[in-house]
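Novice: Pasting a structure below so you can have a look.
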Amino acid sequence: MYYMKNTTDNIAKNEIEDGSKKSLLPRYLVLSHFVLLIIAVVSMTINHIGIFLFSSNQEIVELSVILGRVAFPLFAFMAVQGVYKSSNNLNYALRLLVLGFAIDLVVYIAEGRYIGNVMVELGLGVLALSLINRKDKLSFLALLPAALMIMSDFDNIPFETEYGTYGLVLMVAFYYAEQFGEDYLTHYSNLTKMDEDYLREKNLRRYQNIAAIILLVTIGIVYSVLGNMNPQSSFIFMEPKYQDYAIFAGLFIFFYSGKQGIHNMWTQSIFYLYYPLHIVVLYAIAFVL
């Protein structure tokens with residue numbers, strides 16, 4: 001054990017060159033938070049272009065829906081990252097919820113119907129996970145936003161989110177994938193007596209990504225089986241032949257580095273405003289056509 005600990009210390013020392021510490025992350029982890037958001041936004045936009053502008057062409061609509069399936073798992077994954085990294089999770093959740101309800105209000109005024117949208121879904125998920133993350137007497141309040149997400153699956157409940165229970169399950173899974181990576185490396189460090197800080201810097205993000213992918217695929221398989229067994233179930237929001245493609249979001253999560261990437265007031269504002277603006281633009285184009 002002493003040899004293993006000593007070897008680890010020597011490796012860590014060898015990572016320092018010219019007075020600066022080199023990153024221990026595997027080189028293939030190249031996608032930042034910013035890049036994953038760009039990929040999710042592009043996927044979502046393709047999906048909406050097909051639905052709004054090519055509704056009369058079933059083949060194009062189906063292709064756009066398939067290409068758009070990776071968007072929500074990536075948004076959910078990034079939202080969970082925000083729970084761990086945001087300095088104020090309550091404000092983070094409220095921004096998503098206010099924007100989501102504002103979009104619902106505009107759609108209701110324009111079309112006379114309440115549809116629910118992904119911003120509300122993400123906001124409720126962030127709120128629930130933020131309360132869980134407190135690990136105190138207020139954590140039980142996470143049941144309230146979680147219950148809203150579940151109830152939105154039922155037609156007789158006057159509340160909607162876009163993904164309902166599926167969104168909740170996916171976000172909770174991604175949350176505990178982060179926890180699994182932390183707990184596993186702590187256990188491995190205690191077992192081998194290797195330096196825990198070194199193990200975390202080198203392997204934590206990789207293990208968390210793999211855990212997230214395994215859970216994403218597992219949830220996808222479960223929902224696919226349930227959907228094929230009972231396609232009329234309240235908890236199945238989309239045909240398995242489309243939603244099965246959501247597991248391909250794991251290909252992008254696999255390369256996630258855990259780094260923020262480009263992040264400032266302007267990029268943050270653009271991401272928040274893009275969702276409602278691109279819906280308005282596509283709706284206007286479809287109306288004109």
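Residues are named by chain letter and number: chains run A, B, ... in the order of the structure tokens, numbers start at 1 in each chain, and ligands are numbered from 1 in the order shown.
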What lies within 9 Å of Tyr28 in chain A using only C-alpha atoms, ignoring chain neighbours under 4 positions off, as an NGL selection string?

Specialist: :A and (254-257)

Novice: Now that the selection is made, can you save its residues with C-alpha atoms as a tab-separated table (two decimals), in the first residue's frame?

Specialist:
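Produced file part_14.tsv, reproduced below:
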chain	number	residue	atom	x	y	z
A	254	PHE	CA	-19.28	10.60	-22.87
A	255	PHE	CA	-16.99	13.43	-24.04
A	256	TYR	CA	-18.11	15.99	-21.42
A	257	SER	CA	-15.15	17.57	-19.62

Novice: Report as a Markdown table the residues of range 24-120 of chain A within 7 Å of range 157-179 of chain A, each with its shortest atom pair and distance in Å (one decimal), using only C-alpha atoms, ordered by chain and increasing residue number.

Specialist:
| residue | atom | partner | partner_atom | distance |
| --- | --- | --- | --- | --- |
| A:Ala76 | CA | A:Met171 | CA | 5.7 |
| A:Phe77 | CA | A:Phe174 | CA | 6.2 |
| A:Val80 | CA | A:Tyr175 | CA | 5.9 |
| A:Ile115 | CA | A:Glu160 | CA | 6.2 |
| A:Gly116 | CA | A:Thr161 | CA | 4.4 |
| A:Asn117 | CA | A:Glu162 | CA | 4.8 |
| A:Val118 | CA | A:Glu162 | CA | 5.3 |
| A:Val120 | CA | A:Thr161 | CA | 6.2 |

Novice: Export, as a tab-separated table (two decimals), in the first residue's frame, the selected residues with C-alpha atoms.

Specialist:
chain	number	residue	atom	x	y	z
A	76	ALA	CA	-31.51	17.78	-18.29
A	77	PHE	CA	-27.86	16.77	-17.85
A	80	VAL	CA	-28.17	18.95	-13.08
A	115	ILE	CA	-49.35	23.21	-23.58
A	116	GLY	CA	-46.52	23.24	-21.03
A	117	ASN	CA	-42.89	23.46	-22.12
A	118	VAL	CA	-39.40	22.21	-21.37
A	120	VAL	CA	-41.08	24.54	-16.76

Novice: Check the smallest atom-to-atom distance from each of A:Asn47, A:Leu127, A:Ser23, A:Met119 to Ser139 in chain A using only C-alpha atoms, then report the winner.

Specialist: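 Closest residue, counting only C-alpha atoms: A:Leu127.
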
Novice: Within range 99-289 of chain A, find each residue whose DSSP state, derived from the backbone, is alpha helix (DSSP H), and express the selection as a ChimeraX atom specification.

Specialist: /A:99-111,118-134,143-151,164-192,196-199,205-229,240-243,249-253,265-288

Novice: Between CA of Ile51 in chain A and CA of Phe248 in chain A, measure the distance and give it in Å to one decimal.

Specialist: 20.7 Å

Novice: Restricting the calculation to only C-alpha atoms, which member of A:Lys259, A:Arg134, A:Arg200, A:His278 is positioned closest to Val35 in chain A?

Specialist: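 So, comparing all the options, the nearest one is A:Lys259.
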
Novice: Enter the distance from CA of Glu201 in chain A to CA of Val83 in chain A, in Å, rounded to one decimal.

Specialist: 19.9 Å

Novice: Counting only C-alpha atoms, which residue out of A:Phe75, A:Val98, A:Phe235, A:Val70 sits closest to Met149 in chain A?

Specialist: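 Result for the nearest residue to Met149 in chain A: A:Phe235.
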
Novice: Quick one, how far is CA of Asn89 in chain A from CA of Ala142 in chain A?

Specialist: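 A separation of 13.1 Å between them.
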
Novice: Determine, counting only C-alpha atoms, which protein, DNA and RNA residues have an atom within 12 Å of an atom of Ile221 in chain A; residues of the same chain fewer than 2 positions away are not included. Present the result as a PyMOL selection string.

Specialist: chain A and resi 214-219+223-228+240-241+243-247

Novice: Can I get the selection written as an mmCIF file, in the first residue's frame, with C-alpha atoms?

Specialist:
data_model
loop_
_atom_site.group_PDB
_atom_site.id
_atom_site.type_symbol
_atom_site.label_atom_id
_atom_site.label_comp_id
_atom_site.auth_asym_id
_atom_site.auth_seq_id
_atom_site.Cartn_x
_atom_site.Cartn_y
_atom_site.Cartn_z
ATOM 1 C CA ILE A 214 -25.699 3.815 -18.121
ATOM 2 C CA LEU A 215 -28.708 5.345 -16.378
ATOM 3 C CA LEU A 216 -29.816 7.165 -19.558
ATOM 4 C CA VAL A 217 -29.753 3.915 -21.538
ATOM 5 C CA THR A 218 -31.443 1.951 -18.730
ATOM 6 C CA ILE A 219 -34.269 4.492 -18.449
ATOM 7 C CA TYR A 223 -39.630 3.344 -21.144
ATOM 8 C CA SER A 224 -39.345 1.614 -24.502
ATOM 9 C CA VAL A 225 -40.552 -1.689 -23.027
ATOM 10 C CA LEU A 226 -43.388 -0.004 -21.126
ATOM 11 C CA GLY A 227 -44.352 1.984 -24.212
ATOM 12 C CA ASN A 228 -44.565 -1.103 -26.388
ATOM 13 C CA PRO A 240 -40.872 4.477 -28.405
ATOM 14 C CA LYS A 241 -39.860 4.469 -32.086
ATOM 15 C CA GLN A 243 -37.986 8.451 -27.996
ATOM 16 C CA ASP A 244 -35.598 5.494 -28.231
ATOM 17 C CA TYR A 245 -33.197 7.826 -30.054
ATOM 18 C CA ALA A 246 -32.759 9.887 -26.879
ATOM 19 C CA ILE A 247 -30.089 7.432 -25.732
#
